[in-house]
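Note: the block below is structure-v9.tsv and it holds TSV, C-alpha atoms.
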chain	number	residue	atom	x	y	z
A	1	MET	CA	0.00	0.00	0.00
A	2	GLU	CA	1.24	3.47	-0.86
A	3	LEU	CA	1.82	5.39	2.35
A	4	VAL	CA	1.30	8.62	0.41
A	5	GLN	CA	-1.08	8.58	-2.53
A	6	ILE	CA	-0.39	11.18	-5.22
A	7	SER	CA	-3.08	12.50	-7.56
A	8	ARG	CA	-3.06	15.32	-10.10
A	9	ASP	CA	-5.64	17.79	-11.32
A	10	ALA	CA	-4.19	20.23	-13.84
A	11	HIS	CA	-1.36	22.04	-12.01
A	12	VAL	CA	-2.31	20.82	-8.51
A	13	ALA	CA	-0.74	17.75	-6.88
A	14	THR	CA	-2.62	16.25	-3.93
A	15	LEU	CA	-0.66	14.12	-1.46
A	16	THR	CA	-2.91	11.95	0.69
A	17	MET	CA	-1.47	10.38	3.84
A	18	ASN	CA	-2.61	6.78	3.58
A	19	ARG	CA	-2.40	4.74	6.78
A	20	PRO	CA	-6.10	4.97	7.68
A	21	GLU	CA	-5.91	1.86	9.86
A	22	ALA	CA	-3.47	3.80	12.09
A	23	LEU	CA	-5.22	7.17	11.65
A	24	ASN	CA	-2.32	8.07	9.33
A	25	ALA	CA	0.18	8.09	12.19
A	26	LEU	CA	3.68	9.04	11.08
A	27	ASN	CA	6.23	6.27	11.33
A	28	SER	CA	9.66	6.45	9.72
A	29	ALA	CA	8.42	4.93	6.47
A	30	ALA	CA	5.53	7.42	6.24
A	31	LEU	CA	7.89	10.33	6.86
A	32	ASP	CA	10.21	9.07	4.12
A	33	ALA	CA	7.29	8.68	1.71
A	34	LEU	CA	5.97	12.15	2.52
A	35	GLU	CA	9.31	13.86	2.03
A	36	SER	CA	9.91	11.98	-1.21
A	37	ALA	CA	6.48	13.01	-2.53
A	38	VAL	CA	7.01	16.67	-1.56
A	39	VAL	CA	10.48	16.78	-3.16
A	40	SER	CA	9.12	15.12	-6.32
A	41	ALA	CA	6.21	17.58	-6.59
A	42	ASN	CA	8.56	20.53	-6.13
A	43	ALA	CA	10.82	19.17	-8.88
A	44	ASP	CA	7.92	18.75	-11.33
A	45	ASP	CA	7.66	21.90	-13.45
A	46	SER	CA	4.01	21.17	-14.24
A	47	VAL	CA	3.02	21.30	-10.55
A	48	TYR	CA	2.23	24.78	-9.25
A	49	VAL	CA	0.45	24.01	-5.95
A	50	ILE	CA	0.67	21.08	-3.51
A	51	VAL	CA	-2.21	19.93	-1.27
A	52	ILE	CA	-1.72	17.60	1.69
A	53	THR	CA	-4.65	15.75	3.27
A	54	GLY	CA	-5.41	12.43	4.95
A	55	ALA	CA	-7.29	9.25	4.07
A	56	GLY	CA	-10.24	8.24	6.21
A	57	ARG	CA	-11.29	10.19	9.30
A	58	SER	CA	-7.87	11.54	10.19
A	59	PHE	CA	-5.45	14.05	8.72
A	60	VAL	CA	-2.55	12.70	10.77
A	61	ALA	CA	-3.23	11.58	14.35
A	62	GLY	CA	0.39	12.04	15.39
A	63	ALA	CA	3.73	10.29	15.34
A	64	ASP	CA	3.61	6.50	15.66
A	65	ILE	CA	3.74	5.77	19.41
A	66	GLY	CA	4.24	2.08	18.78
A	67	GLU	CA	7.47	2.85	16.96
A	68	MET	CA	8.66	5.43	19.51
A	69	LYS	CA	7.86	3.87	22.86
A	70	ASP	CA	11.12	1.93	23.32
A	71	TYR	CA	13.45	4.60	21.97
A	72	ASN	CA	16.36	5.81	24.06
A	73	ALA	CA	17.37	9.48	24.16
A	74	VAL	CA	19.60	9.25	21.10
A	75	GLN	CA	16.96	7.43	19.05
A	76	GLY	CA	14.30	9.90	20.15
A	77	GLN	CA	16.43	12.84	19.06
A	78	SER	CA	17.09	11.18	15.73
A	79	PHE	CA	13.39	10.52	15.12
A	80	GLY	CA	12.55	14.14	15.96
A	81	ALA	CA	15.19	15.34	13.52
A	82	ARG	CA	13.77	12.98	10.88
A	83	GLY	CA	10.29	14.44	11.23
A	84	SER	CA	11.57	18.00	11.28
A	85	GLY	CA	13.56	17.34	8.13
A	86	ALA	CA	10.50	16.11	6.27
A	87	PHE	CA	8.50	19.15	7.36
A	88	LEU	CA	11.29	21.55	6.41
A	89	ALA	CA	11.06	20.12	2.88
A	90	ILE	CA	7.48	21.44	2.85
A	91	GLU	CA	8.34	24.80	4.34
A	92	ARG	CA	11.45	25.40	2.25
A	93	GLY	CA	10.13	23.99	-1.01
A	94	ALA	CA	9.50	26.50	-3.78
A	95	LYS	CA	5.79	25.81	-4.21
A	96	PRO	CA	2.79	26.77	-2.06
A	97	VAL	CA	1.45	23.96	0.11
A	98	ILE	CA	-2.12	23.81	1.44
A	99	ALA	CA	-3.10	21.54	4.33
A	100	ALA	CA	-6.68	20.30	3.92
A	101	VAL	CA	-7.29	19.08	7.47
A	102	ASN	CA	-10.10	16.56	7.26
A	103	GLY	CA	-9.98	15.09	10.78
A	104	PHE	CA	-7.55	14.54	13.64
A	105	ALA	CA	-4.42	16.71	13.42
A	106	LEU	CA	-2.72	15.89	16.69
A	107	GLY	CA	0.94	15.98	17.68
A	108	GLY	CA	2.91	15.32	14.53
A	109	GLY	CA	-0.25	15.88	12.49
A	110	CYS	CA	-0.71	19.38	13.87
A	111	GLU	CA	2.99	19.97	13.25
A	112	LEU	CA	2.61	18.77	9.66
A	113	ALA	CA	-0.29	21.16	9.09
A	114	MET	CA	1.72	24.03	10.60
A	115	ALA	CA	4.60	23.39	8.19
A	116	CYS	CA	2.22	24.05	5.29
A	117	ASP	CA	1.70	27.57	3.97
A	118	ILE	CA	-2.10	27.62	4.33
A	119	ARG	CA	-4.35	25.51	6.56
A	120	ILE	CA	-8.08	25.01	5.97
A	121	ALA	CA	-10.19	22.59	7.96
A	122	SER	CA	-13.29	20.47	8.00
A	123	GLU	CA	-15.78	21.16	10.78
A	124	LYS	CA	-14.82	17.70	12.04
A	125	ALA	CA	-11.13	18.55	12.38
A	126	LYS	CA	-9.46	18.39	15.79
A	127	PHE	CA	-6.12	19.96	16.64
A	128	GLY	CA	-3.70	19.63	19.53
A	129	GLN	CA	-0.19	19.00	20.82
A	130	PRO	CA	-0.88	16.25	23.39
A	131	GLU	CA	2.74	15.12	23.77
A	132	VAL	CA	3.05	16.33	27.37
A	133	GLY	CA	0.61	13.61	28.44
A	134	LEU	CA	3.07	11.04	27.08
A	135	GLY	CA	5.95	12.56	28.99
A	136	ILE	CA	7.57	14.19	25.98
A	137	THR	CA	7.71	17.53	24.17
A	138	PRO	CA	6.49	18.15	20.64
A	139	GLY	CA	9.33	16.91	18.45
A	140	PHE	CA	8.56	17.84	14.84
A	141	GLY	CA	8.60	21.64	15.18
A	142	GLY	CA	5.56	22.26	17.37
A	143	THR	CA	7.37	24.29	20.02
A	144	GLN	CA	8.62	26.65	17.29
A	145	ARG	CA	5.79	26.95	14.78
A	146	LEU	CA	2.81	27.02	17.12
A	147	PRO	CA	3.85	30.24	18.96
A	148	ARG	CA	4.63	31.89	15.63
A	149	LEU	CA	1.12	31.09	14.37
A	150	VAL	CA	-1.16	31.56	17.38
A	151	GLY	CA	0.92	33.64	19.81
A	152	LEU	CA	2.88	32.68	22.89
A	153	SER	CA	0.03	32.41	25.40
A	154	ASN	CA	-2.26	30.29	23.22
A	155	ALA	CA	0.62	28.04	22.21
A	156	MET	CA	1.87	27.54	25.76
A	157	GLU	CA	-1.62	26.67	26.99
A	158	LEU	CA	-2.11	24.09	24.26
A	159	MET	CA	1.28	22.48	24.84
A	160	PHE	CA	1.27	22.64	28.67
A	161	THR	CA	-2.20	21.07	28.95
A	162	GLY	CA	-2.15	18.81	25.91
A	163	LYS	CA	-5.79	19.71	25.28
A	164	MET	CA	-7.52	19.15	21.96
A	165	ILE	CA	-9.42	21.96	20.24
A	166	ASP	CA	-12.04	21.89	17.51
A	167	ALA	CA	-11.95	23.60	14.14
A	168	ALA	CA	-13.90	26.64	15.33
A	169	GLU	CA	-11.37	27.32	18.08
A	170	ALA	CA	-8.50	26.72	15.65
A	171	LEU	CA	-10.03	29.38	13.41
A	172	ARG	CA	-10.49	31.79	16.32
A	173	ILE	CA	-6.83	31.64	17.36
A	174	GLY	CA	-5.52	31.80	13.80
A	175	LEU	CA	-4.30	28.24	13.42
A	176	VAL	CA	-6.46	27.80	10.29
A	177	SER	CA	-7.78	30.37	7.83
A	178	ALA	CA	-11.15	28.75	6.98
A	179	VAL	CA	-13.51	25.99	8.16
A	180	TYR	CA	-15.98	24.17	5.91
A	181	PRO	CA	-18.52	21.35	6.20
A	182	PRO	CA	-16.77	18.02	5.57
A	183	GLU	CA	-18.25	17.55	2.11
A	184	GLU	CA	-17.03	21.00	1.04
A	185	LEU	CA	-13.45	20.75	2.28
A	186	MET	CA	-11.81	19.26	-0.80
A	187	PRO	CA	-13.86	21.27	-3.34
A	188	LYS	CA	-12.99	24.48	-1.46
A	189	THR	CA	-9.36	23.38	-1.30
A	190	ALA	CA	-9.41	22.77	-5.05
A	191	GLU	CA	-10.84	26.28	-5.61
A	192	LEU	CA	-8.11	27.84	-3.51
A	193	ALA	CA	-5.36	25.83	-5.18
A	194	ALA	CA	-6.69	26.73	-8.62
A	195	ALA	CA	-6.80	30.43	-7.70
A	196	ILE	CA	-3.13	30.28	-6.69
A	197	ALA	CA	-2.22	28.25	-9.78
A	198	ARG	CA	-3.73	30.95	-12.03
A	199	GLN	CA	-1.28	33.57	-10.75
A	200	PRO	CA	2.19	34.18	-12.23
A	201	GLN	CA	4.21	31.48	-10.53
A	202	ILE	CA	7.54	33.29	-10.34
A	203	ALA	CA	5.89	35.95	-8.18
A	204	VAL	CA	4.03	33.34	-6.11
A	205	ARG	CA	7.25	31.46	-5.33
A	206	GLN	CA	9.16	34.62	-4.53
A	207	ILE	CA	6.42	35.61	-2.08
A	208	LYS	CA	6.73	32.26	-0.32
A	209	GLN	CA	10.50	32.53	-0.06
A	210	CYS	CA	10.33	36.12	1.23
A	211	VAL	CA	7.82	35.21	3.92
A	212	ARG	CA	9.56	32.01	4.98
A	213	LYS	CA	13.02	33.58	5.13
A	214	GLY	CA	11.74	36.79	6.65
A	215	MET	CA	9.97	35.01	9.50
A	216	GLN	CA	13.37	33.75	10.66
A	217	ALA	CA	15.27	37.02	10.22
A	218	ASP	CA	15.51	40.54	11.61
A	219	ILE	CA	13.50	43.21	9.78
A	220	ASP	CA	16.47	44.68	7.90
A	221	THR	CA	17.49	41.29	6.53
A	222	ALA	CA	13.88	40.42	5.70
A	223	LEU	CA	13.37	43.68	3.81
A	224	ALA	CA	16.55	42.98	1.85
A	225	PHE	CA	15.09	39.59	0.84
A	226	GLU	CA	11.92	41.37	-0.26
A	227	ALA	CA	13.77	44.02	-2.26
A	228	GLY	CA	15.70	41.31	-4.09
A	229	ALA	CA	12.54	39.39	-4.92
A	230	PHE	CA	10.75	42.57	-6.00
A	231	GLY	CA	13.61	43.42	-8.32
A	232	LEU	CA	13.84	39.91	-9.72
A	233	CYS	CA	10.19	40.06	-10.76
A	234	PHE	CA	10.99	43.02	-13.03
A	235	SER	CA	13.12	40.69	-15.13
A	236	THR	CA	10.10	38.51	-16.01
A	237	GLU	CA	7.79	38.58	-19.01
A	238	ASP	CA	4.79	38.26	-16.72
A	239	GLN	CA	5.63	41.53	-14.97
A	240	TYR	CA	6.06	43.41	-18.24
A	241	ASP	CA	2.95	41.93	-19.85
A	242	SER	CA	0.79	42.48	-16.75
A	243	MET	CA	1.82	46.07	-16.17
A	244	THR	CA	1.48	46.88	-19.85
A	245	ALA	CA	-2.00	45.33	-19.89
A	246	PHE	CA	-2.94	47.34	-16.77
A	247	THR	CA	-1.92	50.63	-18.38
A	248	GLU	CA	-3.90	49.67	-21.49
A	249	LYS	CA	-6.99	48.78	-19.37
A	250	ARG	CA	-7.02	45.13	-20.33
A	251	LYS	CA	-6.47	41.95	-18.38
A	252	ILE	CA	-4.02	39.07	-18.73
A	253	GLU	CA	-5.95	35.80	-18.82
A	254	VAL	CA	-3.05	33.33	-18.86
A	255	PHE	CA	0.43	34.01	-17.54
A	256	LYS	CA	3.58	32.70	-19.21
A	257	ASN	CA	5.40	31.93	-15.94
A	258	ARG	CA	8.60	33.32	-17.31

Just give me the structure of the file as structure tokens.
Amino acid sequence: MELVQISRDAHVATLTMNRPEALNALNSAALDALESAVVSANADDSVYVIVITGAGRSFVAGADIGEMKDYNAVQGQSFGARGSGAFLAIERGAKPVIAAVNGFALGGGCELAMACDIRIASEKAKFGQPEVGLGITPGFGGTQRLPRLVGLSNAMELMFTGKMIDAAEALRIGLVSAVYPPEELMPKTAELAAAIARQPQIAVRQIKQCVRKGMQADIDTALAFEAGAFGLCFSTEDQYDSMTAFTEKRKIEVFKNR
């Protein structure tokens, strides 16, 4: 069985975590399959947007406790680094990634969603970082990304208590940007992905890189990244064609992506 199923619709690649019997829990093999699929989609010139979702009633219920329970400290650190590496491939990849959270996104699943650029959720989605109840910390980036997304106080409360929140609360604190009925989640995700795919992709990818780099840098360095990206866009045909069309009061329907 494929641990990550890959499907295509025009310029959108959907990666579906596929261990439904284990609520898509992330073991080493699943992490390898996910990273491989993300790297492959980023290398495919015909893919403009990546969507990640889960099979069955779970997005990803967490890291695989059965695999982790007998680890020693060195093995635990190595497994955490393995998960973080897979998620950095999402964050640092050139192309926008949307998490379509269809169900449980707990522990490593919440961390996977947070590594994506945009998160939208089903009304049935549940989020949390319950690791403290297992005597461990979040290990795939949760202690770093959660405060950046929802603020220090909200993040600390979620991690200190290990409590689970529903999609409405996730929307309230800014963990997701939209919540839909379950049957609308994937159609709405497809609409969003298509809207991004219609834009000039050089600009889209430069925006992602500016934001991702800038979030880790001081303001002066971040603004230098932005200035470089802004300037680079003026070397593209899409910039020239779009601005020329604007001055002539007409609209570009299809971009060249060059």

A:Gly83 environment, 12 Å, only C-alpha atoms, sequence neighbours closer than 5 positions dropped, as a compact mmCIF listing (two decimals) with C-alpha atoms, in the coordinates of the input:
# COMPACT_ATOMS: atom_id res chain seq x y z
CA ALA A 25 0.18 8.09 12.19
CA LEU A 26 3.68 9.04 11.08
CA ASN A 27 6.23 6.27 11.33
CA SER A 28 9.66 6.45 9.72
CA ALA A 29 8.42 4.93 6.47
CA ALA A 30 5.53 7.42 6.24
CA LEU A 31 7.89 10.33 6.86
CA ASP A 32 10.21 9.07 4.12
CA ALA A 33 7.29 8.68 1.71
CA LEU A 34 5.97 12.15 2.52
CA GLU A 35 9.31 13.86 2.03
CA GLY A 62 0.39 12.04 15.39
CA ALA A 63 3.73 10.29 15.34
CA ASP A 64 3.61 6.50 15.66
CA GLY A 76 14.30 9.90 20.15
CA GLN A 77 16.43 12.84 19.06
CA SER A 78 17.09 11.18 15.73
CA LEU A 88 11.29 21.55 6.41
CA ALA A 89 11.06 20.12 2.88
CA ILE A 90 7.48 21.44 2.85
CA GLY A 107 0.94 15.98 17.68
CA GLY A 108 2.91 15.32 14.53
CA GLY A 109 -0.25 15.88 12.49
CA GLU A 111 2.99 19.97 13.25
CA LEU A 112 2.61 18.77 9.66
CA ALA A 115 4.60 23.39 8.19
CA PRO A 138 6.49 18.15 20.64
CA GLY A 139 9.33 16.91 18.45
CA PHE A 140 8.56 17.84 14.84
CA GLY A 141 8.60 21.64 15.18
CA GLY A 142 5.56 22.26 17.37

| message | Applying 7 Å and only C-alpha atoms, which residues near stretch 232-242 of chain A remain after dropping the ones on its own chain fewer than 4 positions away? List them as a ChimeraX atom specification. | response | /A:200,203,228,246,252,255-258

| Within 8 Å of stretch 157-166 of chain A using all atoms listed in the file, minus same-chain residues under 6 positions, as a PyMOL selection string | chain A and resi 106+123-133+138+143

Show me, as a tab-separated table, the residues of stretch 45-118 of chain A having an atom within 9 Å of stretch 208-224 of chain A, each with the closest atom pair and its distance in Å, using only C-alpha atoms.
residue	atom	partner	partner_atom	distance
A:Glu91	CA	A:Arg212	CA	7.3
A:Arg92	CA	A:Arg212	CA	7.4
A:Gly93	CA	A:Gln209	CA	8.6
A:Ala94	CA	A:Gln209	CA	7.2
A:Lys95	CA	A:Lys208	CA	7.6
A:Pro96	CA	A:Lys208	CA	7.0
A:Asp117	CA	A:Lys208	CA	8.1

| query | How far is it from atom CA of A:Arg57 to atom CA of A:Met156, in Å with one decimal? | reply | 27.3 Å

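One distance worth recording is that between atom CA of A:Met68 and atom CA of A:Ala81, which is 13.3 Å.
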
| field | Among listed residues A:Val74, A:Val39, A:Met186, A:Val4, nearest A:Ile98 (using all atoms listed in the file) | value |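 With all atoms listed in the file as the atom set, the closest residue is A:Met186.
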
| message | Which residues are near A:Leu175? Cut-off 8 Å, only C-alpha atoms, ignore same chain within fewer than 2 positions. Put them as a VMD selection string. | response | chain A and resid 114 119 149 to 150 170 to 173 177

| field | Point-to-point distance in Å for atom CA of A:His11 and atom CA of A:Ala195 | value |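 Rounded to one decimal, the two atoms are 10.9 Å apart.
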
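Nearest to A:Phe87 of all the residues A:Leu3, A:Ala100, A:Ala37, A:Val49 is A:Ala37, based on all atoms listed in the file.
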
| said: Using all atoms listed in the file for the distances, tell me which of A:Ser122, A:Ala22, A:Ala227, A:Ile207 is nearest to A:Glu183. | reply: A:Ser122
